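Below you'll find the structure, written out as structure tokens, and then a few comments.
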Amino acid sequence: MNTHTKSGDVGSRARGMALAAVRGLALAVVSLPLSILGLCLSLVSMALIPIGVGLVTTPYVVTGVRAYADRRRALSARWGGVSIPSAYRPAPETANPWTRAFALLRDPATWRDLRWLPVDMTAGFVTALLPAVLVLYPLEGFALPLGLWRTMTGGPYGEYGPYWYGFVPVSDLPTAFGAAALAAVVLVVAHRYAVSAFQTHFRLTKAMLSPSQAELAERVRVLTETRRDAVDTSAAELRRIERDLHDGAQARLVAMGMDLGTVEMLVDKNPEKAKELLAQARRSSAEALCELRDLVRGIHPPVLAERGLGDAVRALALRLPVTTEVDVELAGRAEAPVESAAYFAVSEALTNAVKHSGADRIWVDLRHSDGSLRISVTDNGKGGAAIGAGTGLAGLERRLGTFDGVLAVSSPAGGPTMVTMEIPCVLS
């Protein structure tokens, strides 16, 4: 039993050694040119920012470097069992080039990626290649006694001097067997340490790409604020619902009950007055029902639950006094909380456009790409909208922040105004 267990451990370790060698060789061959390319493109693009070219190229280059770093994070988790957190600040895709470029450059994660690239092309390359060297180098040592030593020494008698295999000078058959003995030692070392050496590469990658404690603390602070905003918003929403019920439907139902009580007393004495009160009670019940429907629609529109975000926004646009076009490209549905947040964000953006912009036409675009739900609300109004200018955009930003979403506003004087929202999510 113990013999079988030991042989199984040896076989498993051998497979792990071979797998680490193959993966390390592939990673070293691929990562070296990509890291060099990413670093060179980043430096050149940022150097061109003063003349304006870099404003256009930098967002694409930085986004490419981020995608490359995220790919390496995924490989670290899959091949090395090393989890590397990602802490990029979301940058709006549709903002103007100046805003996008400097939003990316203000992100500490961008500079962390740029510091990682030169380390990856040097120490990272060596640690990735080391398992392959430990596994493949002994093959040459084993081949030397089989006649390879004659070729390596330059002739049948080694007239060009010895060939050094490690620290063993190979000049004849006995020294070739000495090289084979060294190769056996190297193979034993590879058998024992190749997997650990490969994991060293991923630990180095984690050390360079992991966010600092300060960044994690900032992330916790932002999440705490957004959670507090969400709780405050929910409490305010509950108070609004309670107030609407008390002042609206509840008052009408109480009045209707009183009318029905009066009808009960008058039905025999004054039938005409009783009929009048019954008609009034019927109108009150219809108005109460309408208010309840509006209240329910304000909590979670039935069309949103039944038909999804696209149709809910279309229904919302039909009730606006301004001509509104809605373009939807969604291949599925997001989670219910995300759909609800997106719906009310669009509703608030449309309300702002109708109230403040003076526009006679609004365009709404909804689509999902690159793991985010992207929504833009554009109007041809007078412009001048800004977050924190009293138009409700700050509250909209807080609503999106609960879901790690971002808000970007482009609204030059004279218009047009474009409000762009992004919420990270997946579609089912």
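Naming scheme: A, B, ... for chains in displayed order of the structure tokens; residues 1 onward per chain; ligands 1 onward as shown.
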
Do a neighbour search on Gly178 in chain A at 9 Å with only C-alpha atoms, toss out local chain neighbours closer than 3 positions, and write the hits as an MDAnalysis selection string.
-> chainID A and resid 141 145 168:170 173:175 181:183

Can you write just those residues out, N, CA and C atoms, as an mmCIF file, in the first residue's frame?
```cif
data_model
loop_
_atom_site.group_PDB
_atom_site.id
_atom_site.type_symbol
_atom_site.label_atom_id
_atom_site.label_comp_id
_atom_site.auth_asym_id
_atom_site.auth_seq_id
_atom_site.Cartn_x
_atom_site.Cartn_y
_atom_site.Cartn_z
ATOM 1 N N GLY A 141 22.650 16.549 -20.981
ATOM 2 C CA GLY A 141 23.649 15.802 -20.209
ATOM 3 C C GLY A 141 23.563 14.315 -20.446
ATOM 4 N N PRO A 145 27.070 11.193 -23.149
ATOM 5 C CA PRO A 145 27.773 9.889 -23.216
ATOM 6 C C PRO A 145 27.412 9.066 -24.444
ATOM 7 N N VAL A 168 31.170 20.909 -15.356
ATOM 8 C CA VAL A 168 31.924 19.711 -15.749
ATOM 9 C C VAL A 168 32.515 19.931 -17.135
ATOM 10 N N PRO A 169 33.856 19.933 -17.273
ATOM 11 C CA PRO A 169 34.468 20.036 -18.610
ATOM 12 C C PRO A 169 34.413 18.680 -19.315
ATOM 13 N N VAL A 170 33.712 18.608 -20.416
ATOM 14 C CA VAL A 170 33.548 17.355 -21.158
ATOM 15 C C VAL A 170 34.543 17.334 -22.307
ATOM 16 N N LEU A 173 34.922 10.361 -23.019
ATOM 17 C CA LEU A 173 33.769 9.591 -22.570
ATOM 18 C C LEU A 173 33.608 9.607 -21.053
ATOM 19 N N PRO A 174 34.663 9.432 -20.250
ATOM 20 C CA PRO A 174 34.468 9.469 -18.788
ATOM 21 C C PRO A 174 33.899 10.802 -18.304
ATOM 22 N N THR A 175 34.415 11.891 -18.849
ATOM 23 C CA THR A 175 33.857 13.182 -18.419
ATOM 24 C C THR A 175 32.429 13.368 -18.918
ATOM 25 N N ALA A 181 25.984 12.362 -14.860
ATOM 26 C CA ALA A 181 25.688 12.320 -13.425
ATOM 27 C C ALA A 181 25.173 13.671 -12.935
ATOM 28 N N LEU A 182 25.792 14.746 -13.414
ATOM 29 C CA LEU A 182 25.305 16.081 -13.047
ATOM 30 C C LEU A 182 23.890 16.293 -13.570
ATOM 31 N N ALA A 183 23.618 15.801 -14.790
ATOM 32 C CA ALA A 183 22.270 15.927 -15.359
ATOM 33 C C ALA A 183 21.256 15.190 -14.491
#
```

Quick one: residues within 10 Å of Asp120 in chain A, only C-alpha atoms counted, chain neighbours fewer than 2 positions away excluded, as a PyMOL selection string?
-> chain A and resi 28+31-32+34-36+115-118+122-128+201+204-205+208

Would you save the residues of that selection, restricted to all heavy atoms, as a compact mmCIF listing (two decimals), in the first residue's frame?
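For reference, part16.txt as written:
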```txt
# COMPACT_ATOMS: atom_id res chain seq x y z
N ALA A 28 7.01 32.09 -20.98
CA ALA A 28 8.21 32.91 -21.20
C ALA A 28 8.28 33.40 -22.65
O ALA A 28 8.60 34.57 -22.91
CB ALA A 28 9.46 32.11 -20.84
N SER A 31 5.22 35.97 -23.09
CA SER A 31 5.17 37.15 -22.24
C SER A 31 6.28 38.15 -22.54
O SER A 31 6.08 39.37 -22.43
CB SER A 31 5.23 36.75 -20.77
OG SER A 31 6.49 36.16 -20.46
N LEU A 32 7.46 37.67 -22.91
CA LEU A 32 8.58 38.59 -23.15
C LEU A 32 8.26 39.61 -24.23
O LEU A 32 8.36 40.83 -23.98
CB LEU A 32 9.85 37.81 -23.46
CG LEU A 32 11.10 38.67 -23.73
CD1 LEU A 32 11.43 39.48 -22.49
CD2 LEU A 32 12.28 37.79 -24.13
N LEU A 34 5.35 40.49 -25.49
CA LEU A 34 4.15 41.27 -25.17
C LEU A 34 4.45 42.31 -24.10
O LEU A 34 3.94 43.44 -24.17
CB LEU A 34 3.03 40.34 -24.70
CG LEU A 34 2.39 39.46 -25.78
CD1 LEU A 34 1.29 38.60 -25.20
CD2 LEU A 34 1.84 40.31 -26.92
N SER A 35 5.26 41.95 -23.11
CA SER A 35 5.61 42.92 -22.07
C SER A 35 6.45 44.06 -22.64
O SER A 35 6.25 45.24 -22.31
CB SER A 35 6.35 42.23 -20.93
OG SER A 35 5.51 41.30 -20.28
N ILE A 36 7.40 43.71 -23.50
CA ILE A 36 8.21 44.75 -24.13
C ILE A 36 7.33 45.67 -24.99
O ILE A 36 7.46 46.90 -24.93
CB ILE A 36 9.33 44.11 -24.99
CG1 ILE A 36 10.32 43.37 -24.08
CG2 ILE A 36 10.05 45.16 -25.82
CD1 ILE A 36 11.37 42.59 -24.84
N ARG A 115 4.82 49.59 -13.86
CA ARG A 115 5.97 49.12 -13.08
C ARG A 115 6.15 47.62 -13.20
O ARG A 115 7.28 47.11 -13.12
CB ARG A 115 5.79 49.50 -11.60
CG ARG A 115 5.92 50.98 -11.31
CD ARG A 115 6.03 51.24 -9.82
NE ARG A 115 4.86 50.78 -9.09
CZ ARG A 115 3.80 51.54 -8.83
NH1 ARG A 115 3.76 52.80 -9.27
NH2 ARG A 115 2.77 51.06 -8.14
N TRP A 116 5.04 46.91 -13.40
CA TRP A 116 5.12 45.45 -13.51
C TRP A 116 5.75 45.00 -14.83
O TRP A 116 6.47 44.00 -14.86
CB TRP A 116 3.71 44.87 -13.37
CG TRP A 116 3.57 43.46 -13.85
CD1 TRP A 116 4.12 42.33 -13.30
CD2 TRP A 116 2.85 43.02 -15.01
NE1 TRP A 116 3.76 41.22 -14.02
CE2 TRP A 116 2.98 41.61 -15.08
CE3 TRP A 116 2.09 43.66 -15.97
CZ2 TRP A 116 2.39 40.85 -16.09
CZ3 TRP A 116 1.50 42.91 -16.97
CH2 TRP A 116 1.65 41.53 -17.03
N LEU A 117 5.52 45.73 -15.90
CA LEU A 117 5.98 45.29 -17.22
C LEU A 117 7.50 45.08 -17.28
O LEU A 117 7.95 44.03 -17.76
CB LEU A 117 5.51 46.27 -18.30
CG LEU A 117 4.01 46.26 -18.60
CD1 LEU A 117 3.65 47.37 -19.58
CD2 LEU A 117 3.60 44.91 -19.18
N PRO A 118 8.36 46.03 -16.84
CA PRO A 118 9.79 45.76 -16.90
C PRO A 118 10.23 44.63 -15.98
O PRO A 118 11.18 43.89 -16.30
CB PRO A 118 10.43 47.09 -16.47
CG PRO A 118 9.36 47.84 -15.78
CD PRO A 118 8.08 47.41 -16.40
N THR A 122 11.99 40.78 -17.23
CA THR A 122 13.31 40.41 -16.70
C THR A 122 13.18 39.26 -15.70
O THR A 122 13.30 38.10 -16.06
CB THR A 122 13.98 41.64 -16.05
OG1 THR A 122 13.08 42.23 -15.10
CG2 THR A 122 14.32 42.68 -17.11
N ALA A 123 12.91 39.60 -14.45
CA ALA A 123 12.78 38.56 -13.43
C ALA A 123 11.61 37.62 -13.72
O ALA A 123 11.70 36.41 -13.48
CB ALA A 123 12.60 39.21 -12.05
N GLY A 124 10.52 38.18 -14.25
CA GLY A 124 9.38 37.33 -14.59
C GLY A 124 9.73 36.35 -15.69
O GLY A 124 9.31 35.18 -15.65
N PHE A 125 10.47 36.80 -16.69
CA PHE A 125 10.90 35.91 -17.77
C PHE A 125 11.78 34.79 -17.24
O PHE A 125 11.61 33.61 -17.60
CB PHE A 125 11.64 36.72 -18.84
CG PHE A 125 12.24 35.89 -19.92
CD1 PHE A 125 11.46 35.36 -20.93
CD2 PHE A 125 13.61 35.63 -19.94
CE1 PHE A 125 12.03 34.59 -21.95
CE2 PHE A 125 14.18 34.87 -20.93
CZ PHE A 125 13.39 34.34 -21.93
N VAL A 126 12.72 35.12 -16.35
CA VAL A 126 13.63 34.11 -15.81
C VAL A 126 12.88 33.08 -14.99
O VAL A 126 13.09 31.87 -15.13
CB VAL A 126 14.73 34.79 -14.97
CG1 VAL A 126 15.57 33.75 -14.24
CG2 VAL A 126 15.62 35.65 -15.87
N THR A 127 11.98 33.54 -14.10
CA THR A 127 11.26 32.59 -13.25
C THR A 127 10.28 31.74 -14.05
O THR A 127 9.98 30.60 -13.65
CB THR A 127 10.51 33.35 -12.15
OG1 THR A 127 9.70 34.39 -12.72
CG2 THR A 127 11.49 33.97 -11.17
N ALA A 128 9.76 32.25 -15.14
CA ALA A 128 8.88 31.44 -15.99
C ALA A 128 9.68 30.40 -16.77
O ALA A 128 9.22 29.27 -16.97
CB ALA A 128 8.10 32.34 -16.94
N HIS A 201 7.14 32.52 -10.04
CA HIS A 201 6.79 33.51 -11.07
C HIS A 201 5.46 34.18 -10.74
O HIS A 201 5.33 35.41 -10.82
CB HIS A 201 6.71 32.84 -12.44
CG HIS A 201 6.13 33.71 -13.50
ND1 HIS A 201 6.86 34.64 -14.19
CD2 HIS A 201 4.85 33.81 -13.97
CE1 HIS A 201 6.09 35.28 -15.04
NE2 HIS A 201 4.86 34.79 -14.94
N LEU A 204 5.69 36.48 -7.76
CA LEU A 204 6.30 37.75 -8.17
C LEU A 204 5.28 38.63 -8.88
O LEU A 204 5.21 39.84 -8.64
CB LEU A 204 7.49 37.47 -9.09
CG LEU A 204 8.19 38.69 -9.70
CD1 LEU A 204 8.83 39.54 -8.61
CD2 LEU A 204 9.24 38.24 -10.72
N THR A 205 4.49 38.02 -9.75
CA THR A 205 3.45 38.77 -10.45
C THR A 205 2.44 39.36 -9.46
O THR A 205 2.01 40.51 -9.59
CB THR A 205 2.72 37.85 -11.45
OG1 THR A 205 3.67 37.29 -12.36
CG2 THR A 205 1.68 38.63 -12.24
N MET A 208 3.72 42.44 -7.70
CA MET A 208 3.76 43.65 -8.52
C MET A 208 2.37 44.17 -8.87
O MET A 208 2.18 45.38 -9.01
CB MET A 208 4.54 43.37 -9.81
CG MET A 208 6.01 43.03 -9.59
SD MET A 208 6.91 44.32 -8.69
CE MET A 208 6.67 45.72 -9.77
```

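For Ala67 in chain A, the non-local neighbours within 12 Å, defined as residues at least 2 positions apart in the same chain or in other chains and counting only C-alpha atoms, are A:Leu34, A:Gly38, A:Tyr60, A:Val61, A:Val62, A:Thr63, A:Gly64, A:Val65, A:Ala69, A:Asp70, A:Arg71, A:Arg72, A:Arg73, A:Ala74, A:Ser86, A:Tyr88, A:Thr110, A:Asp113, A:Asp370.
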
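Distance check against Gly24 in chain A using only C-alpha atoms: of A:Leu104, A:Thr200, A:Pro162, A:Ala179, the minimum falls on A:Thr200.
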
Please provide as a PyMOL selection string all residues within 12 Å of Tyr137 in chain A, with the sequence filter that same-chain residues fewer than 2 positions apart are discarded (counting only C-alpha atoms).
-> chain A and resi 21+129-135+139-144+165-166+179-180+182-190

Export of prior selection with C-alpha atoms as a JSON list (two decimals), in the first residue's frame:
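Output contents, as saved in result07.json:
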```json
[["chain", "number", "residue", "atom", "x", "y", "z"],
["A", 21, "ALA", "CA", 8.08, 23.08, -17.78],
["A", 129, "LEU", "CA", 11.71, 29.87, -18.01],
["A", 130, "LEU", "CA", 13.45, 28.24, -15.03],
["A", 131, "PRO", "CA", 11.20, 25.11, -14.81],
["A", 132, "ALA", "CA", 11.75, 24.41, -18.52],
["A", 133, "VAL", "CA", 15.52, 24.80, -18.08],
["A", 134, "LEU", "CA", 15.56, 22.44, -15.10],
["A", 135, "VAL", "CA", 13.64, 19.80, -17.05],
["A", 139, "LEU", "CA", 18.41, 15.83, -21.61],
["A", 140, "GLU", "CA", 21.60, 17.29, -23.06],
["A", 141, "GLY", "CA", 23.65, 15.80, -20.21],
["A", 142, "PHE", "CA", 22.19, 12.35, -20.84],
["A", 143, "ALA", "CA", 22.92, 12.66, -24.55],
["A", 144, "LEU", "CA", 26.62, 13.49, -24.06],
["A", 165, "TYR", "CA", 28.27, 21.16, -19.19],
["A", 166, "GLY", "CA", 27.53, 23.16, -16.09],
["A", 179, "ALA", "CA", 28.12, 15.31, -17.14],
["A", 180, "ALA", "CA", 25.34, 12.70, -17.21],
["A", 182, "LEU", "CA", 25.30, 16.08, -13.05],
["A", 183, "ALA", "CA", 22.27, 15.93, -15.36],
["A", 184, "ALA", "CA", 20.75, 13.29, -13.07],
["A", 185, "VAL", "CA", 21.24, 15.61, -10.09],
["A", 186, "VAL", "CA", 19.64, 18.50, -12.00],
["A", 187, "LEU", "CA", 16.71, 16.25, -12.92],
["A", 188, "VAL", "CA", 16.22, 15.31, -9.26],
["A", 189, "VAL", "CA", 16.23, 19.03, -8.40],
["A", 190, "ALA", "CA", 13.71, 19.66, -11.20]]
```

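For range 351-405 of chain A, a DSSP pass over the backbone yields helix (DSSP H, G or I) at Thr351, Asn352, Ala353, Val354, Lys355, His356, Ser357, Leu393, Ala394, Gly395, Leu396, Glu397, Arg398, Arg399, Leu400 and Gly401 of chain A.
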
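Nearest to Ala109 in chain A of all the residues A:Met121, A:Ala334, A:Leu209, A:Leu289 is A:Leu209, based on only C-alpha atoms.
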
Neighbours of range 379-381 of chain A within 10 Å (only C-alpha atoms; same-chain residues fewer than 4 positions away dropped), as a ChimeraX atom specification?
-> /A:322,324,350,353-354,356-364,411,413-419

Now that the selection is made, can you save its residues with C-alpha atoms as a PDB file, in the first residue's frame?
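The new file selection09.pdb reads:
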```pdb
ATOM      1  CA  VAL A 322     -40.696  65.172 -25.761  1.00  0.00           C
ATOM      2  CA  THR A 324     -37.782  60.225 -27.637  1.00  0.00           C
ATOM      3  CA  LEU A 350     -34.931  61.692 -18.925  1.00  0.00           C
ATOM      4  CA  ALA A 353     -33.627  66.424 -19.814  1.00  0.00           C
ATOM      5  CA  VAL A 354     -37.328  67.289 -19.984  1.00  0.00           C
ATOM      6  CA  HIS A 356     -33.923  71.558 -17.612  1.00  0.00           C
ATOM      7  CA  SER A 357     -32.599  71.159 -21.152  1.00  0.00           C
ATOM      8  CA  GLY A 358     -35.330  72.755 -23.249  1.00  0.00           C
ATOM      9  CA  ALA A 359     -34.796  69.970 -25.797  1.00  0.00           C
ATOM     10  CA  ASP A 360     -37.382  68.892 -28.345  1.00  0.00           C
ATOM     11  CA  ARG A 361     -35.750  65.549 -29.068  1.00  0.00           C
ATOM     12  CA  ILE A 362     -34.064  62.883 -26.904  1.00  0.00           C
ATOM     13  CA  TRP A 363     -32.166  59.736 -27.863  1.00  0.00           C
ATOM     14  CA  VAL A 364     -31.644  56.758 -25.558  1.00  0.00           C
ATOM     15  CA  SER A 411     -22.730  69.075 -21.910  1.00  0.00           C
ATOM     16  CA  ALA A 413     -22.880  75.390 -23.582  1.00  0.00           C
ATOM     17  CA  GLY A 414     -25.384  75.345 -26.418  1.00  0.00           C
ATOM     18  CA  GLY A 415     -25.657  71.543 -26.299  1.00  0.00           C
ATOM     19  CA  PRO A 416     -26.018  68.788 -27.020  1.00  0.00           C
ATOM     20  CA  THR A 417     -25.965  67.012 -23.650  1.00  0.00           C
ATOM     21  CA  MET A 418     -24.910  63.367 -23.375  1.00  0.00           C
ATOM     22  CA  VAL A 419     -25.254  61.504 -20.099  1.00  0.00           C
TER      23      VAL A 419
END
```

Which parts of range 236-410 of chain A does DSSP call strand (DSSP E) when run on the backbone here, written out as a list in words?
-> Thr323, Thr324, Glu325, Val326, Asp327, Val328, Glu329, Arg361, Ile362, Trp363, Val364, Asp365, Leu366, Arg367, His368, Ser369, Ser372, Leu373, Arg374, Ile375, Ser376, Val377, Thr378, Asp379, Val406, Leu407, Ala408, Val409 and Ser410 of chain A

Give me a file of those residues, with N, CA and C atoms, as an mmCIF file, in the first residue's frame.
```cif
data_model
loop_
_atom_site.group_PDB
_atom_site.id
_atom_site.type_symbol
_atom_site.label_atom_id
_atom_site.label_comp_id
_atom_site.auth_asym_id
_atom_site.auth_seq_id
_atom_site.Cartn_x
_atom_site.Cartn_y
_atom_site.Cartn_z
ATOM 1 N N THR A 323 -40.329 64.124 -27.931
ATOM 2 C CA THR A 323 -40.073 62.998 -28.823
ATOM 3 C C THR A 323 -38.788 62.286 -28.415
ATOM 4 N N THR A 324 -38.917 60.992 -28.156
ATOM 5 C CA THR A 324 -37.782 60.225 -27.637
ATOM 6 C C THR A 324 -37.609 58.950 -28.447
ATOM 7 N N GLU A 325 -36.394 58.737 -28.949
ATOM 8 C CA GLU A 325 -36.059 57.517 -29.681
ATOM 9 C C GLU A 325 -35.228 56.610 -28.788
ATOM 10 N N VAL A 326 -35.563 55.330 -28.780
ATOM 11 C CA VAL A 326 -34.873 54.352 -27.937
ATOM 12 C C VAL A 326 -34.282 53.266 -28.821
ATOM 13 N N ASP A 327 -32.979 53.048 -28.681
ATOM 14 C CA ASP A 327 -32.282 52.006 -29.433
ATOM 15 C C ASP A 327 -31.723 51.004 -28.424
ATOM 16 N N VAL A 328 -32.129 49.740 -28.535
ATOM 17 C CA VAL A 328 -31.748 48.712 -27.562
ATOM 18 C C VAL A 328 -31.025 47.582 -28.272
ATOM 19 N N GLU A 329 -29.848 47.218 -27.765
ATOM 20 C CA GLU A 329 -29.119 46.044 -28.245
ATOM 21 C C GLU A 329 -28.662 45.238 -27.034
ATOM 22 N N ARG A 361 -36.006 66.909 -28.606
ATOM 23 C CA ARG A 361 -35.750 65.549 -29.068
ATOM 24 C C ARG A 361 -34.713 64.898 -28.137
ATOM 25 N N ILE A 362 -34.954 63.636 -27.797
ATOM 26 C CA ILE A 362 -34.064 62.883 -26.904
ATOM 27 C C ILE A 362 -33.795 61.519 -27.529
ATOM 28 N N TRP A 363 -32.557 61.057 -27.371
ATOM 29 C CA TRP A 363 -32.166 59.736 -27.863
ATOM 30 C C TRP A 363 -31.634 58.917 -26.693
ATOM 31 N N VAL A 364 -32.108 57.676 -26.601
ATOM 32 C CA VAL A 364 -31.644 56.758 -25.558
ATOM 33 C C VAL A 364 -31.039 55.537 -26.241
ATOM 34 N N ASP A 365 -29.833 55.176 -25.809
ATOM 35 C CA ASP A 365 -29.146 54.020 -26.396
ATOM 36 C C ASP A 365 -28.758 53.073 -25.265
ATOM 37 N N LEU A 366 -29.176 51.800 -25.374
ATOM 38 C CA LEU A 366 -28.834 50.774 -24.389
ATOM 39 C C LEU A 366 -28.142 49.631 -25.099
ATOM 40 N N ARG A 367 -26.980 49.232 -24.582
ATOM 41 C CA ARG A 367 -26.273 48.094 -25.154
ATOM 42 C C ARG A 367 -25.384 47.471 -24.089
ATOM 43 N N HIS A 368 -24.960 46.253 -24.339
ATOM 44 C CA HIS A 368 -24.073 45.545 -23.411
ATOM 45 C C HIS A 368 -22.838 45.094 -24.168
ATOM 46 N N SER A 369 -21.671 45.477 -23.658
ATOM 47 C CA SER A 369 -20.412 45.059 -24.281
ATOM 48 C C SER A 369 -19.306 45.116 -23.248
ATOM 49 N N SER A 372 -20.155 45.211 -19.458
ATOM 50 C CA SER A 372 -20.825 46.363 -18.850
ATOM 51 C C SER A 372 -22.090 46.709 -19.616
ATOM 52 N N LEU A 373 -23.091 47.139 -18.867
ATOM 53 C CA LEU A 373 -24.301 47.701 -19.456
ATOM 54 C C LEU A 373 -24.050 49.189 -19.671
ATOM 55 N N ARG A 374 -24.101 49.627 -20.929
ATOM 56 C CA ARG A 374 -23.803 51.018 -21.275
ATOM 57 C C ARG A 374 -25.093 51.702 -21.740
ATOM 58 N N ILE A 375 -25.372 52.820 -21.130
ATOM 59 C CA ILE A 375 -26.592 53.578 -21.427
ATOM 60 C C ILE A 375 -26.195 55.021 -21.695
ATOM 61 N N SER A 376 -26.690 55.577 -22.769
ATOM 62 C CA SER A 376 -26.462 57.002 -23.044
ATOM 63 C C SER A 376 -27.808 57.663 -23.305
ATOM 64 N N VAL A 377 -27.984 58.831 -22.695
ATOM 65 C CA VAL A 377 -29.184 59.649 -22.884
ATOM 66 C C VAL A 377 -28.714 60.985 -23.448
ATOM 67 N N THR A 378 -29.113 61.269 -24.685
ATOM 68 C CA THR A 378 -28.651 62.469 -25.385
ATOM 69 C C THR A 378 -29.836 63.343 -25.746
ATOM 70 N N ASP A 379 -29.685 64.661 -25.524
ATOM 71 C CA ASP A 379 -30.743 65.583 -25.928
ATOM 72 C C ASP A 379 -30.129 66.744 -26.721
ATOM 73 N N VAL A 406 -20.456 53.933 -13.217
ATOM 74 C CA VAL A 406 -19.873 55.266 -13.380
ATOM 75 C C VAL A 406 -20.806 56.116 -14.226
ATOM 76 N N LEU A 407 -20.653 57.425 -14.049
ATOM 77 C CA LEU A 407 -21.463 58.402 -14.783
ATOM 78 C C LEU A 407 -20.538 59.422 -15.419
ATOM 79 N N ALA A 408 -20.765 59.703 -16.691
ATOM 80 C CA ALA A 408 -20.005 60.742 -17.385
ATOM 81 C C ALA A 408 -20.991 61.675 -18.063
ATOM 82 N N VAL A 409 -20.712 62.971 -17.977
ATOM 83 C CA VAL A 409 -21.603 63.979 -18.555
ATOM 84 C C VAL A 409 -20.804 64.852 -19.500
ATOM 85 N N SER A 410 -21.276 64.956 -20.733
ATOM 86 C CA SER A 410 -20.706 65.876 -21.716
ATOM 87 C C SER A 410 -21.808 66.847 -22.116
#
```

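Residue nearest Pro337 in chain A within the list A:Met256, A:Ala279, A:Ala305, A:Leu41: A:Ala305 [criterion: smallest interatomic distance, only C-alpha atoms].
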
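Between CA of Gly405 in chain A and CA of Ser340 in chain A lies a distance of 13.4 Å.
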